[in-house]
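Colleague: Before anything else, here's the structure in question.
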Amino acid sequence: MRRVRENSGARSVRTAVSAAVGVLALTVLTAGCKVETVGAAEPTTTATRPGASPTDDAKPGGGQASPPATPSRTPSARPSPEPRTLMSTGDRSGRVKELQARLRQIGHFDRGPTGYYGTATAASVRSFQGKRGLPRTGRTDTVTWERLLGMTRKPTAKELDPPTSRPAAKPDARCMTGRVLCISKNSRTLSWMIDGRVVSSMDVRFGSQYTPTREGTFSVYWKSRHHVSTLYDSPMPYAMFFSGGQAVHYSSDFAARGYSGASHGCVNVRDEARIAALYAQVRKGDKVVIYW
């Protein structure tokens with residue numbers, strides 16, 4: 001009986017030891033593996049971003065700080081495209097002729113359209129631009145052209161190709177027979193006449209007071225399609241000579257500057273298409289009459 005009690009007591013001791021070990025193990029597992037020093041500060045429980053300042057996460061009420069606001073991006077306004085130049089000084093085209101005809105409709109061009117964009121056309125465009133509050137460049141850009149289209153109508157064939165800027169003068173009596181270049185200084189026009197009938201007319205310009213165009217009755221004695229003046233070294237296309245070095249010929253300066261310039265005595269024509277047609281019809285020996 002004693003042996004049974006001894007065995008029972010031993011088992012009780014072993015059981016108690018096992019229970020104590022189990023409690024100790026449970027305590028260790030519950031406390032974790034980190035050993036804290038007595039009296040040490042309690043570790044913070046709020047995660048801090050690397051490099052953040054102490055106030056980064058501060059928020060009244062102890063709540064979690066909200067992420068910093070992302071700056072709003074306001075889309076920048078796209079710049080308006082620069083007006084594109086459509087026509088400028090030196091251009092020659094049917095569109096230039098339309099520009100001139102439209103400008104003439106509203107009083108900004110005082111001559112017949114030639115299709116050549118010279119200084120006179122540039123001055124007319126500047127005048128139009130100034131009246132409309134546009135930059136006075138003298139060039140016809142997209143904005144200027146659209147504004148002009150909105151204020152004018154499509155030119156008629158007669159507006160695009162008028163015989164002269166002004167009415168041709170009544171022909172001199174000497175112009176009424178035969179083939180005649182009938183030229184009036186008063187109206188500044190040339191009429192090509194055959195047997196008293198006007199075939200075509202065109203604007204002309206004369207010499208200055210220092211180099212006047214001669215008046216009287218002459219005849220064409222020489223034609224030179226691509227003539228260049230040996231005295232002034234200037235082109236004289238479609239030249240039809242009638243008195244010494246004076247001739248009827250095309251003048252790009254007249255087309256560009258209008259009546260603000262003058263010739264050296266020749267009869268200048270500014271419409272190249274018209275004088276080209278005239279040159280093809282006039283013969284040597286045809287009469288030339290220049291009068292007031």
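Chain lettering (A, B, ...) mirrors the order of the structure tokens, residue numbering begins at 1 for each chain separately, and ligand numbering begins at 1 in order of display.
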Could you tell me, as a PyMOL selection string, which residues of region 78-245 of chain A DSSP assigns to strand (DSSP E) when given the backbone?

Modeller: chain A and resi 85-87+140-141+179-184+189-194+197-205+216-219+222-228+235-243

Colleague: Next, dump the selected residues to file, keeping only C-alpha atoms, as a compact mmCIF listing (two decimals), in the first residue's frame.

Modeller:
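As a result, again_10.txt now contains:
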```txt
# COMPACT_ATOMS: atom_id res chain seq x y z
CA THR A 85 0.33 85.07 -94.89
CA LEU A 86 -1.59 84.39 -98.10
CA MET A 87 -0.33 87.23 -100.33
CA THR A 140 -2.79 89.80 -96.68
CA ASP A 141 -2.96 87.13 -93.97
CA ARG A 179 -4.71 101.48 -136.93
CA VAL A 180 -3.87 103.83 -134.08
CA LEU A 181 -2.49 103.82 -130.54
CA CYS A 182 -4.63 106.73 -129.29
CA ILE A 183 -3.11 108.03 -126.05
CA SER A 184 -4.68 110.74 -123.85
CA THR A 189 -5.56 106.05 -121.00
CA LEU A 190 -4.48 104.30 -124.17
CA SER A 191 -7.09 103.08 -126.65
CA TRP A 192 -6.15 100.69 -129.43
CA MET A 193 -8.35 101.70 -132.35
CA ILE A 194 -8.95 100.30 -135.80
CA ARG A 197 -13.49 101.48 -133.32
CA VAL A 198 -12.00 100.96 -129.86
CA VAL A 199 -10.61 97.42 -129.66
CA SER A 200 -9.13 97.67 -126.15
CA SER A 201 -8.19 100.28 -123.55
CA MET A 202 -5.72 100.39 -120.67
CA ASP A 203 -4.26 102.72 -118.04
CA VAL A 204 -0.98 104.44 -118.85
CA ARG A 205 1.59 106.63 -117.11
CA GLY A 216 2.11 114.58 -131.51
CA THR A 217 1.62 112.01 -134.24
CA PHE A 218 4.20 109.25 -134.63
CA SER A 219 4.44 105.70 -135.91
CA TRP A 222 10.57 99.08 -133.83
CA LYS A 223 9.21 96.36 -131.57
CA SER A 224 11.30 94.59 -128.91
CA ARG A 225 9.63 91.93 -126.77
CA HIS A 226 12.34 91.59 -124.08
CA HIS A 227 13.94 95.01 -124.32
CA VAL A 228 16.21 96.43 -121.60
CA PRO A 235 13.48 96.25 -118.29
CA MET A 236 11.05 97.48 -120.98
CA PRO A 237 9.01 94.36 -121.90
CA TYR A 238 6.70 94.56 -124.95
CA ALA A 239 8.39 97.77 -126.10
CA MET A 240 6.92 99.51 -129.15
CA PHE A 241 9.15 102.47 -130.03
CA PHE A 242 7.56 105.52 -131.62
CA SER A 243 9.97 108.49 -131.05
```

Colleague: Compile the contact shell of Asn268 (chain A) as an MDAnalysis selection string: residues with an atom at most 9 Å away, counting only C-alpha atoms, same-chain residues fewer than 2 positions apart removed.

Modeller: chainID A and resid 203:207 247:251 254 262:263 265:266 270

Colleague: What is the distance, in Å and to one decimal place, between CA of Arg139 (chain A) and CA of Arg188 (chain A)?

Modeller: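 Computed distance, CA of Arg139 (chain A) to CA of Arg188 (chain A), equals 28.8 Å.
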
Colleague: If you measure from CA of Lys287 (chain A) to CA of Cys175 (chain A), what distance in Å do you get, rounded to one decimal?

Modeller: 8.4 Å

Colleague: Pull the helix (DSSP H, G or I) assignments for region 114-272 of chain A out of DSSP run on the backbone, and list those residues as a ChimeraX atom specification.

Modeller: /A:119-131,142-151,157-160,173-175,252-260,272

Colleague: Using only C-alpha atoms, find the one residue out of A:Trp145, A:Tyr259, A:Trp292, A:Tyr116 that sits nearest to Glu272 (chain A).

Modeller: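 Checking each of A:Trp145, A:Tyr259, A:Trp292, A:Tyr116 against Glu272 (chain A), counting only C-alpha atoms, the winner is A:Tyr116.
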
Colleague: What is the distance between CA of Ser260 (chain A) and CA of Ala120 (chain A), in Å to one decimal?

Modeller: 8.8 Å

Colleague: Name the residues in contact with Arg136 (chain A) at a cut-off of 8 Å, using only C-alpha atoms, excluding same-chain residues fewer than 2 positions from it; report them as an MDAnalysis selection string.

Modeller: chainID A and resid 125:127 129:130 134 138

Colleague: Calculated over only C-alpha atoms, which of the candidates A:Ala277, A:Leu99, A:Gly112, A:Thr137 has the smallest distance to Pro83 (chain A)?

Modeller: A:Thr137
